[in-house]
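Structure data (mmCIF, C-alpha atoms (C1' of nucleotides)) from model.cif:
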```cif
data_start
#
loop_
_atom_site.label_atom_id
_atom_site.label_comp_id
_atom_site.auth_asym_id
_atom_site.auth_seq_id
_atom_site.Cartn_x
_atom_site.Cartn_y
_atom_site.Cartn_z
CA MET A 1 -3.49 -38.92 -18.21
CA ALA A 2 -1.58 -36.19 -19.99
CA ARG A 3 1.22 -34.92 -17.79
CA ALA A 4 1.24 -31.32 -16.85
CA GLY A 5 5.00 -30.96 -16.66
CA LEU A 6 5.13 -29.65 -13.13
CA THR A 7 8.46 -28.77 -11.58
CA PRO A 8 9.33 -26.91 -8.40
CA GLU A 9 10.63 -24.05 -10.57
CA ARG A 10 7.49 -23.70 -12.65
CA LEU A 11 5.38 -23.87 -9.52
CA THR A 12 7.48 -21.21 -7.86
CA ARG A 13 7.22 -18.87 -10.83
CA ALA A 14 3.49 -19.40 -11.08
CA GLY A 15 3.24 -18.88 -7.33
CA ALA A 16 5.05 -15.57 -7.65
CA GLU A 17 2.66 -14.44 -10.36
CA LEU A 18 -0.26 -15.54 -8.24
CA ALA A 19 1.16 -13.53 -5.34
CA ASP A 20 1.32 -10.42 -7.49
CA GLU A 21 -2.28 -10.90 -8.51
CA VAL A 22 -3.95 -11.79 -5.23
CA GLY A 23 -1.39 -10.99 -2.55
CA PHE A 24 1.28 -13.16 -0.99
CA GLU A 25 -0.93 -14.12 1.95
CA GLN A 26 -3.54 -15.47 -0.43
CA VAL A 27 -1.16 -17.77 -2.26
CA THR A 28 -2.51 -21.23 -1.80
CA VAL A 29 -1.50 -24.68 -2.99
CA SER A 30 -5.08 -25.27 -4.07
CA GLU A 31 -5.25 -22.18 -6.25
CA LEU A 32 -1.93 -23.10 -7.81
CA ALA A 33 -3.25 -26.56 -8.64
CA ARG A 34 -6.32 -24.97 -10.25
CA ARG A 35 -4.07 -22.84 -12.47
CA PHE A 36 -2.20 -25.88 -13.70
CA ASP A 37 -5.49 -27.73 -14.10
CA VAL A 38 -4.27 -30.46 -11.85
CA LYS A 39 -5.42 -31.98 -8.57
CA VAL A 40 -4.03 -30.50 -5.38
CA ALA A 41 -2.38 -33.68 -4.22
CA SER A 42 -0.24 -33.73 -7.35
CA LEU A 43 1.70 -30.72 -6.20
CA TYR A 44 2.93 -32.57 -3.17
CA SER A 45 5.30 -34.59 -5.32
CA HIS A 46 7.10 -31.36 -6.13
CA LEU A 47 6.69 -29.36 -2.94
CA ARG A 48 7.03 -30.64 0.59
CA ASN A 49 4.22 -28.38 1.76
CA SER A 50 2.79 -24.91 1.37
CA GLN A 51 5.51 -23.50 3.61
CA GLU A 52 8.08 -24.61 1.06
CA LEU A 53 6.15 -22.92 -1.72
CA LYS A 54 6.22 -19.64 0.19
CA THR A 55 9.87 -20.01 1.01
CA ARG A 56 10.69 -20.61 -2.65
CA ILE A 57 8.74 -17.54 -3.74
CA THR A 58 10.60 -15.51 -1.12
CA LEU A 59 13.96 -16.73 -2.35
CA LEU A 60 12.98 -15.95 -5.93
CA ALA A 61 11.95 -12.42 -4.99
CA LEU A 62 15.16 -11.81 -3.08
CA GLU A 63 17.19 -12.98 -6.08
CA GLU A 64 15.29 -10.82 -8.51
CA LEU A 65 15.65 -7.81 -6.26
CA ALA A 66 19.37 -8.40 -5.80
CA ASP A 67 19.85 -8.78 -9.55
CA ARG A 68 18.06 -5.53 -10.21
CA ALA A 69 20.05 -3.81 -7.50
CA ALA A 70 23.35 -5.04 -8.90
CA ASP A 71 22.30 -3.78 -12.31
CA ALA A 72 21.29 -0.38 -10.97
CA LEU A 73 24.49 0.10 -9.02
CA ALA A 74 26.80 -0.79 -11.91
CA GLY A 75 28.70 2.31 -12.93
CA ARG A 76 27.11 4.60 -10.38
CA ALA A 77 28.41 6.13 -7.17
CA GLY A 78 27.39 8.59 -4.48
CA LYS A 79 23.96 10.12 -4.62
CA ASP A 80 23.40 8.69 -8.04
CA ALA A 81 23.85 5.20 -6.69
CA LEU A 82 21.74 5.95 -3.63
CA ILE A 83 18.82 7.05 -5.75
CA ALA A 84 19.19 4.14 -8.12
CA LEU A 85 19.20 1.58 -5.34
CA ALA A 86 16.29 3.16 -3.54
CA ASN A 87 14.25 3.15 -6.72
CA VAL A 88 14.97 -0.49 -7.31
CA TYR A 89 13.10 -1.40 -4.14
CA ARG A 90 10.28 1.03 -4.69
CA ASP A 91 9.76 0.10 -8.33
CA TYR A 92 9.94 -3.59 -7.64
CA ALA A 93 7.29 -3.24 -4.94
CA ARG A 94 5.03 -1.39 -7.35
CA GLU A 95 5.52 -3.81 -10.21
CA HIS A 96 5.42 -6.91 -8.03
CA PRO A 97 3.57 -6.24 -4.80
CA GLY A 98 3.12 -9.91 -4.00
CA ARG A 99 6.76 -10.74 -4.59
CA TYR A 100 7.80 -7.72 -2.55
CA ALA A 101 5.64 -8.93 0.32
CA ALA A 102 7.23 -12.34 -0.11
CA ALA A 103 10.68 -10.78 0.27
CA GLN A 104 9.61 -9.77 3.78
CA PHE A 105 8.56 -13.29 4.68
CA ARG A 106 10.49 -14.62 7.64
CA LEU A 107 12.88 -17.35 6.53
CA SER A 108 14.47 -20.03 8.67
CA PRO A 109 18.07 -19.14 9.60
CA LYS A 110 19.25 -21.85 7.23
CA ASP A 111 17.28 -20.54 4.25
CA ALA A 112 18.19 -16.97 5.12
CA ALA A 113 21.89 -17.78 5.09
CA GLY A 114 21.64 -19.26 1.59
CA SER A 115 19.47 -16.45 0.28
CA ALA A 116 20.30 -13.34 -1.70
CA GLY A 117 19.67 -11.35 1.47
CA VAL A 118 23.40 -11.35 1.99
CA ARG A 119 23.98 -9.70 -1.38
CA HIS A 120 21.60 -6.92 -0.45
CA ALA A 121 23.61 -5.98 2.61
CA GLN A 122 26.82 -6.15 0.61
CA MET A 123 25.49 -3.86 -2.08
CA THR A 124 24.27 -1.29 0.39
CA ARG A 125 27.68 -1.39 1.99
CA ALA A 126 29.31 -0.94 -1.41
CA LEU A 127 27.14 2.09 -2.06
CA LEU A 128 28.34 3.63 1.19
CA ARG A 129 31.91 3.58 -0.01
CA GLY A 130 30.95 6.72 -1.88
CA TYR A 131 30.57 8.44 1.47
CA ASP A 132 33.19 8.88 4.14
CA LEU A 133 32.09 6.73 7.05
CA THR A 134 34.06 4.78 9.64
CA GLU A 135 33.56 1.03 9.66
CA PRO A 136 31.04 0.85 12.53
CA ASP A 137 29.14 3.84 11.18
CA GLN A 138 28.85 2.02 7.89
CA THR A 139 26.90 -0.72 9.60
CA HIS A 140 24.62 1.79 11.25
CA ALA A 141 24.08 3.48 7.90
CA VAL A 142 23.36 0.18 6.17
CA ARG A 143 20.65 -0.45 8.70
CA LEU A 144 19.28 3.05 8.39
CA LEU A 145 19.03 2.80 4.62
CA GLY A 146 17.41 -0.61 4.88
CA SER A 147 14.90 0.78 7.36
CA VAL A 148 14.01 3.80 5.27
CA PHE A 149 13.67 1.90 2.01
CA HIS A 150 11.63 -0.88 3.50
CA GLY A 151 9.63 1.36 5.80
CA TYR A 152 8.79 3.90 3.15
CA VAL A 153 7.85 1.38 0.53
CA SER A 154 5.68 -0.66 2.82
CA LEU A 155 3.89 2.39 4.23
CA GLU A 156 3.32 3.76 0.75
CA MET A 157 2.05 0.42 -0.55
CA GLY A 158 -0.13 -0.03 2.51
CA GLY A 159 -1.82 3.27 1.85
CA GLY A 160 -0.29 4.89 4.92
CA PHE A 161 0.40 8.09 3.02
CA SER A 162 -2.63 8.17 0.82
CA HIS A 163 -4.68 10.42 3.10
CA SER A 164 -2.33 13.35 3.52
CA ALA A 165 -1.58 16.00 0.97
CA PRO A 166 1.62 16.29 -1.12
CA ASP A 167 2.15 13.53 -3.57
CA THR A 168 4.46 10.75 -2.57
CA GLN A 169 6.90 11.18 -5.43
CA GLU A 170 7.88 14.60 -4.12
CA THR A 171 8.39 13.18 -0.63
CA TRP A 172 10.42 10.30 -1.96
CA THR A 173 12.77 12.65 -3.80
CA ARG A 174 13.18 14.90 -0.80
CA ILE A 175 13.84 11.97 1.52
CA LEU A 176 16.60 10.75 -0.76
CA ASP A 177 18.07 14.26 -0.84
CA ALA A 178 17.94 14.29 2.93
CA LEU A 179 19.60 10.88 3.24
CA ASP A 180 22.37 11.95 0.89
CA ALA A 181 22.94 15.06 2.97
CA LEU A 182 22.91 13.02 6.14
CA LEU A 183 25.48 10.55 4.85
CA HIS A 184 27.74 13.47 3.99
CA ASN A 185 27.34 14.90 7.50
CA TRP A 186 27.08 11.82 9.64
CA PRO A 187 27.28 12.97 13.28
CA ALA A 188 30.08 11.69 15.50
CA PRO A 189 28.99 9.60 18.53
CA MET B 1 -25.99 -23.70 29.60
CA ALA B 2 -23.91 -21.31 31.66
CA ARG B 3 -23.20 -18.18 29.68
CA ALA B 4 -19.65 -17.26 28.99
CA GLY B 5 -20.17 -13.51 28.98
CA LEU B 6 -18.72 -12.87 25.56
CA THR B 7 -18.60 -9.35 24.23
CA PRO B 8 -16.82 -7.90 21.22
CA GLU B 9 -14.50 -6.07 23.62
CA ARG B 10 -13.49 -9.16 25.58
CA LEU B 11 -13.01 -11.08 22.36
CA THR B 12 -10.85 -8.31 20.98
CA ARG B 13 -8.65 -8.17 24.06
CA ALA B 14 -8.28 -11.94 24.11
CA GLY B 15 -7.53 -11.85 20.40
CA ALA B 16 -4.79 -9.32 21.01
CA GLU B 17 -3.24 -11.53 23.68
CA LEU B 18 -3.49 -14.47 21.36
CA ALA B 19 -1.75 -12.46 18.66
CA ASP B 20 1.13 -11.69 21.01
CA GLU B 21 1.47 -15.36 21.84
CA VAL B 22 1.17 -16.99 18.44
CA GLY B 23 1.47 -14.16 15.93
CA PHE B 24 -1.19 -12.01 14.34
CA GLU B 25 -1.43 -14.21 11.26
CA GLN B 26 -2.24 -17.20 13.42
CA VAL B 27 -5.14 -15.54 15.21
CA THR B 28 -8.14 -17.64 14.47
CA VAL B 29 -11.78 -17.54 15.49
CA SER B 30 -11.56 -21.22 16.36
CA GLU B 31 -8.66 -20.79 18.74
CA LEU B 32 -10.42 -17.88 20.39
CA ALA B 33 -13.50 -20.02 20.93
CA ARG B 34 -11.33 -22.70 22.51
CA ARG B 35 -9.90 -20.16 24.94
CA PHE B 36 -13.36 -19.14 26.05
CA ASP B 37 -14.41 -22.79 26.20
CA VAL B 38 -17.21 -22.11 23.82
CA LYS B 39 -18.23 -23.41 20.41
CA VAL B 40 -16.95 -21.53 17.39
CA ALA B 41 -20.36 -20.58 16.05
CA SER B 42 -21.09 -18.71 19.27
CA LEU B 43 -18.57 -16.05 18.42
CA TYR B 44 -20.49 -15.10 15.32
CA SER B 45 -23.14 -13.40 17.45
CA HIS B 46 -20.45 -10.96 18.56
CA LEU B 47 -18.27 -10.70 15.49
CA ARG B 48 -19.42 -10.47 11.91
CA ASN B 49 -16.52 -12.59 10.76
CA SER B 50 -12.82 -13.19 11.30
CA GLN B 51 -12.00 -10.08 9.29
CA GLU B 52 -13.81 -7.99 11.88
CA LEU B 53 -11.85 -9.63 14.67
CA LYS B 54 -8.60 -8.69 12.97
CA THR B 55 -9.79 -5.18 12.30
CA ARG B 56 -10.76 -4.73 15.95
CA ILE B 57 -7.38 -5.96 17.15
CA THR B 58 -5.74 -3.53 14.75
CA LEU B 59 -7.80 -0.63 16.05
CA LEU B 60 -6.98 -1.61 19.63
CA ALA B 61 -3.26 -1.70 18.89
CA LEU B 62 -3.36 1.68 17.15
CA GLU B 63 -5.13 3.19 20.18
CA GLU B 64 -2.69 1.71 22.65
CA LEU B 65 0.23 2.92 20.61
CA ALA B 66 -1.22 6.41 20.29
CA ASP B 67 -1.89 6.57 24.03
CA ARG B 68 1.66 5.56 24.79
CA ALA B 69 2.97 8.08 22.29
CA ALA B 70 0.91 10.89 23.78
CA ASP B 71 2.22 9.97 27.21
CA ALA B 72 5.80 9.88 26.03
CA LEU B 73 5.60 13.22 24.27
CA ALA B 74 4.04 15.07 27.20
CA GLY B 75 6.53 17.59 28.53
CA ARG B 76 9.24 16.76 26.02
CA ALA B 77 10.57 18.58 23.00
CA GLY B 78 13.32 18.37 20.42
CA LYS B 79 15.65 15.39 20.46
CA ASP B 80 14.24 14.27 23.77
CA ALA B 81 10.80 13.97 22.24
CA LEU B 82 12.19 12.29 19.12
CA ILE B 83 13.87 9.58 21.17
CA ALA B 84 10.85 9.09 23.38
CA LEU B 85 8.50 8.67 20.45
CA ALA B 86 10.83 6.34 18.62
CA ASN B 87 11.16 4.16 21.69
CA VAL B 88 7.42 3.95 22.08
CA TYR B 89 7.17 2.12 18.79
CA ARG B 90 10.17 -0.07 19.35
CA ASP B 91 9.23 -1.03 22.89
CA TYR B 92 5.64 -1.70 21.97
CA ALA B 93 6.75 -4.01 19.20
CA ARG B 94 8.98 -5.91 21.61
CA GLU B 95 6.37 -6.20 24.31
CA HIS B 96 3.50 -6.91 21.95
CA PRO B 97 4.75 -8.34 18.67
CA GLY B 98 1.35 -9.61 17.64
CA ARG B 99 -0.38 -6.32 18.34
CA TYR B 100 2.41 -4.47 16.54
CA ALA B 101 1.91 -6.68 13.51
CA ALA B 102 -1.80 -5.97 13.78
CA ALA B 103 -1.10 -2.24 13.68
CA GLN B 104 0.31 -2.83 10.18
CA PHE B 105 -2.80 -4.63 9.02
CA ARG B 106 -4.41 -2.90 6.08
CA LEU B 107 -7.69 -1.28 7.10
CA SER B 108 -10.56 -0.26 4.89
CA PRO B 109 -10.52 3.50 4.19
CA LYS B 110 -13.55 3.87 6.43
CA ASP B 111 -11.96 2.08 9.39
CA ALA B 112 -8.69 3.87 8.79
CA ALA B 113 -10.38 7.26 8.94
CA GLY B 114 -11.91 6.46 12.32
CA SER B 115 -8.74 4.94 13.72
CA ALA B 116 -6.03 6.37 15.93
CA GLY B 117 -3.79 6.44 12.86
CA VAL B 118 -4.69 10.09 12.51
CA ARG B 119 -3.40 10.84 16.02
CA HIS B 120 -0.08 9.24 15.14
CA ALA B 121 0.48 11.60 12.26
CA GLN B 122 -0.54 14.57 14.39
CA MET B 123 1.86 13.64 17.15
CA THR B 124 4.77 13.24 14.80
CA ARG B 125 3.91 16.62 13.36
CA ALA B 126 3.79 18.11 16.87
CA LEU B 127 7.21 16.69 17.58
CA LEU B 128 8.57 18.42 14.49
CA ARG B 129 7.60 21.80 15.85
CA GLY B 130 10.80 21.51 17.87
CA TYR B 131 12.69 21.77 14.60
CA ASP B 132 12.60 24.54 12.10
CA LEU B 133 10.92 23.15 9.02
CA THR B 134 8.69 24.74 6.42
CA GLU B 135 5.19 23.37 6.12
CA PRO B 136 5.74 21.04 3.15
CA ASP B 137 9.04 19.85 4.59
CA GLN B 138 7.20 18.92 7.75
CA THR B 139 5.11 16.49 5.78
CA HIS B 140 8.17 14.98 4.18
CA ALA B 141 9.79 14.66 7.59
CA VAL B 142 6.68 13.06 9.10
CA ARG B 143 6.85 10.44 6.39
CA LEU B 144 10.57 9.94 6.85
CA LEU B 145 10.21 9.39 10.58
CA GLY B 146 7.31 7.03 10.05
CA SER B 147 9.37 5.09 7.53
CA VAL B 148 12.42 4.81 9.75
CA PHE B 149 10.51 3.84 12.87
CA HIS B 150 8.39 1.29 11.12
CA GLY B 151 11.16 0.02 8.87
CA TYR B 152 13.70 -0.34 11.63
CA VAL B 153 11.35 -2.02 14.06
CA SER B 154 10.02 -4.47 11.54
CA LEU B 155 13.46 -5.39 10.22
CA GLU B 156 14.77 -5.83 13.75
CA MET B 157 11.78 -7.95 14.78
CA GLY B 158 12.01 -9.96 11.60
CA GLY B 159 15.61 -10.85 12.37
CA GLY B 160 16.94 -8.81 9.48
CA PHE B 161 19.77 -7.46 11.59
CA SER B 162 20.52 -10.54 13.61
CA HIS B 163 23.29 -11.81 11.37
CA SER B 164 25.60 -8.81 11.28
CA ALA B 165 27.83 -7.60 14.04
CA PRO B 166 27.23 -4.58 16.28
CA ASP B 167 24.29 -4.89 18.57
CA THR B 168 21.10 -3.25 17.53
CA GLN B 169 20.77 -0.94 20.54
CA GLU B 170 23.91 0.91 19.48
CA THR B 171 22.60 1.27 15.93
CA TRP B 172 19.24 2.47 17.18
CA THR B 173 20.85 5.20 19.27
CA ARG B 174 23.07 6.31 16.43
CA ILE B 175 20.19 6.38 13.99
CA LEU B 176 18.23 8.63 16.32
CA ASP B 177 21.27 10.90 16.68
CA ALA B 178 21.51 11.02 12.92
CA LEU B 179 17.82 11.82 12.47
CA ASP B 180 18.06 14.61 15.01
CA ALA B 181 21.04 16.06 13.16
CA LEU B 182 19.21 15.72 9.87
CA LEU B 183 16.13 17.54 11.13
CA HIS B 184 18.36 20.38 12.28
CA ASN B 185 19.99 20.53 8.86
CA TRP B 186 17.20 19.68 6.52
CA PRO B 187 18.43 20.37 3.00
CA ALA B 188 16.63 22.92 0.83
CA PRO B 189 15.03 21.53 -2.36
"C1'" DG C 1 -42.94 -13.78 41.41
"C1'" DC C 2 -44.89 -14.80 36.65
"C1'" DG C 3 -45.38 -14.82 31.61
"C1'" DG C 4 -43.39 -13.16 27.45
"C1'" DT C 5 -39.62 -11.68 24.89
"C1'" DT C 6 -35.00 -11.24 23.88
"C1'" DT C 7 -30.47 -12.89 23.68
"C1'" DG C 8 -26.61 -16.20 24.04
"C1'" DC C 9 -24.75 -20.33 23.22
"C1'" DC C 10 -25.63 -24.79 21.03
"C1'" DT C 11 -25.94 -28.52 17.15
"C1'" DA C 12 -25.66 -29.38 12.34
"C1'" DA C 13 -23.95 -28.75 7.97
"C1'" DA C 14 -21.48 -26.99 3.82
"C1'" DG C 15 -17.35 -25.30 1.66
"C1'" DC C 16 -12.55 -24.24 1.58
"C1'" DT C 17 -7.47 -25.43 2.51
"C1'" DA C 18 -3.59 -28.70 3.80
"C1'" DT C 19 -1.73 -33.08 3.88
"C1'" DT C 20 -1.08 -38.23 3.56
"C1'" DA C 21 -1.66 -42.99 1.53
"C1'" DG C 22 -2.06 -45.85 -2.08
"C1'" DG C 23 -3.09 -46.81 -7.23
"C1'" DC C 24 -2.70 -46.73 -12.31
"C1'" DA C 25 -0.81 -45.36 -16.55
"C1'" DG C 26 2.44 -42.99 -19.42
"C1'" DA C 27 7.40 -42.17 -19.95
"C1'" DT C 28 12.05 -44.11 -19.68
"C1'" DG C 29 15.84 -47.44 -19.92
"C1'" DC C 30 17.87 -51.82 -21.33
"C1'" DG D 1 9.27 -55.17 -25.89
"C1'" DC D 2 9.39 -55.43 -21.10
"C1'" DA D 3 10.37 -53.71 -16.58
"C1'" DT D 4 10.82 -49.86 -13.83
"C1'" DC D 5 10.00 -45.50 -12.41
"C1'" DT D 6 7.65 -41.33 -12.05
"C1'" DG D 7 3.70 -38.25 -12.27
"C1'" DC D 8 -0.77 -37.39 -11.56
"C1'" DC D 9 -4.95 -39.47 -9.76
"C1'" DT D 10 -8.68 -40.92 -6.13
"C1'" DA D 11 -9.82 -41.20 -1.42
"C1'" DA D 12 -9.67 -39.83 3.18
"C1'" DT D 13 -8.62 -37.08 7.43
"C1'" DA D 14 -8.38 -32.90 9.80
"C1'" DG D 15 -8.76 -27.82 10.70
"C1'" DC D 16 -10.85 -23.17 9.87
"C1'" DT D 17 -14.98 -20.23 8.37
"C1'" DT D 18 -19.50 -19.27 8.03
"C1'" DT D 19 -24.71 -19.85 8.00
"C1'" DA D 20 -29.25 -21.72 9.71
"C1'" DG D 21 -32.13 -23.01 13.10
"C1'" DG D 22 -33.14 -24.47 18.11
"C1'" DC D 23 -33.44 -24.33 23.22
"C1'" DA D 24 -32.89 -22.29 27.52
"C1'" DA D 25 -31.32 -18.66 30.49
"C1'" DA D 26 -31.75 -13.82 31.46
"C1'" DC D 27 -34.44 -9.77 31.49
"C1'" DC D 28 -38.73 -6.78 31.45
"C1'" DG D 29 -43.21 -5.22 32.67
"C1'" DC D 30 -46.81 -6.06 35.69
#
```
Could you write out this structure as structure tokens?
Amino acid sequence: MARAGLTPERLTRAGAELADEVGFEQVTVSELARRFDVKVASLYSHLRNSQELKTRITLLALEELADRAADALAGRAGKDALIALANVYRDYAREHPGRYAAAQFRLSPKDAAGSAGVRHAQMTRALLRGYDLTEPDQTHAVRLLGSVFHGYVSLEMGGGFSHSAPDTQETWTRILDALDALLHNWPAP
Amino acid sequence: MARAGLTPERLTRAGAELADEVGFEQVTVSELARRFDVKVASLYSHLRNSQELKTRITLLALEELADRAADALAGRAGKDALIALANVYRDYAREHPGRYAAAQFRLSPKDAAGSAGVRHAQMTRALLRGYDLTEPDQTHAVRLLGSVFHGYVSLEMGGGFSHSAPDTQETWTRILDALDALLHNWPAP
DNA sequence: GCGGTTTGCCTAAAGCTATTAGGCAGATGC
DNA sequence: GCATCTGCCTAATAGCTTTAGGCAAACCGC
């Protein structure tokens, strides 16, 4: 029997591509086996179970997102940086909807701790150094930005805005303007 | 054979309870049948398929949420109304995590048009009458509020904030303060 | 209250996914 | 060149989804 050269890494990458094509929820060990022209059981030498496959795809997506974010933030500050970071999430979700969905997958505390999720928080915090916020307000702002980015992108992807009128690009720009203004005028408690 | 008295409505309600217990993703026609002490195939006289079950649970959740929102907004305006509406979403998600997840389920355009989703947008728009925004800015603000509410609640539920320090109630309050301030000072294009 | 019809739940069966156990052959190491 | 190891295989179990066809309880008109 010719060997297919399976590895956890190749399976994860193929799984991520599959997710982008059919949706993260539809990623299945069986379909993956079909793509490698291999029997399902063979994958179980490389993956503990389908949960592990999903976890690996999630970790991959978080890494890719963090890498893109780091790239986008390099050499930028203030509103420039804000816009760049926001667009990283939005663009990634558009280019890789399945991976983006994977990035929202709930990880075990252990996996989460070792994930690139930490880098994301750090980068958002770094971005906020361009604004004048006290330490606790920085945390609130990190959470606000995370909420807006994630909330907007997932509503837009989910078609939540597709019924109403003005195009979403205009809204996106204006929301980022508004956030920039807000961070400059953050209200005292 | 004693009849179990199944109806689409009872199945939907039971499905919603099941979702809150085990998660929306884990809602299964088989488990529902078990709960009614009935064979799986019997449910197919009342539901076209498992997709329809999920759609019905989604529609139920959207209605419940809209009813709560309407209640909360009655007699309130301005920041008061903003806080009340925001808390409707957050509290609903805490009390009914499965139903809240269902409310995010992607509906067909046809189902979406007939859903309470429309009411949600209208209520957010009504709330914004307490602030002085031009017509197009109202739409942008509706989308911003939707993004923040949904984004915050889903990150909080997903444990996205559970690692960092200050408690989430404080952040939630401060974010609502910030949104109120922003709506009062919405930047011109 | 009785016969006929409708309706509700049942059995049976096929197809898909996940997962485990055990086997054989190609790759690897001395 | 031989022994070992590793990778993919076959086989089997179990759960979920969905369809087809059957029997009996409930309902309807008289």
### Message
Show me the residues close to (-10.4, -28.3, 2.5) - anything with an atom within 12 Å, counting only C-alpha atoms (C1' of nucleotides) - and format the list as a VMD selection string.
### Response
(chain A and resid 28 to 31 40 to 41) or (chain C and resid 14 to 19) or (chain D and resid 12 to 17)
### Task
Give as a list in words every residue of chain C that touches chain B within 12 Å, counting only C-alpha atoms (C1' of nucleotides).
DT7, DG8, DC9, DC10, DT11 and DA12 of chain C
### Task
In Å, rounded to a single decimal, give me how far atom CA of B:Glu156 is from atom CA of A:Leu145.
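Atom CA of B:Glu156 lies 13.3 Å from atom CA of A:Leu145.
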### Message
Distance cut-off 8 Å, counting all atoms listed in the file - which residues of chain B neighbour chain A? Return them as a list in words.
### Response
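Those within range of chain A come out as Arg106, Pro136, Thr139, His140, Ala141, Arg143, Leu144, Gly146, Ser147, Val148, Phe149, His150, Gly151, Tyr152, Leu155, Gly158, Gly159, Phe161, Pro166, Thr171, Arg174, Ile175, Asp177, Ala178, Ala181, Leu182, Trp186, Pro187 and Pro189 of chain B.
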#### Entry: chain B contacts on chain D, only C-alpha atoms (C1' of nucleotides), 12 Å, as a count of residues only
10
### Message
I'd like the residues picked by the PyMOL selection byres ((chain B and resi 131) around 10) written out as a list of chain:residue names, using the chain letters and numbers from the file.
### Response
B:Ala77, B:Gly78, B:Lys79, B:Ala126, B:Leu127, B:Leu128, B:Arg129, B:Gly130, B:Asp132, B:Leu133, B:Thr134, B:Gln138, B:Asp180, B:Leu183, B:His184, B:Asn185, B:Trp186
### Query
For the file shown, what are the residues hit by the PyMOL selection byres ((chain B and resi 20) around 8), laid out as a PyMOL selection string?
chain B and resi 16-19+21-24+96-99
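Atom C1' of D:DC27 to atom C1' of C:DT5 spans 8.6 Å [interatomic distance, one decimal].
Taking atom CA of A:Arg125 and atom CA of A:Leu85 as endpoints, the distance between them is 11.6 Å.
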### Task
Tell me which residues the PyMOL selection byres ((chain C and resi 22) around 10) grabs here, as a VMD selection string.
(chain C and resid 20 to 21 23) or (chain D and resid 10 to 11)
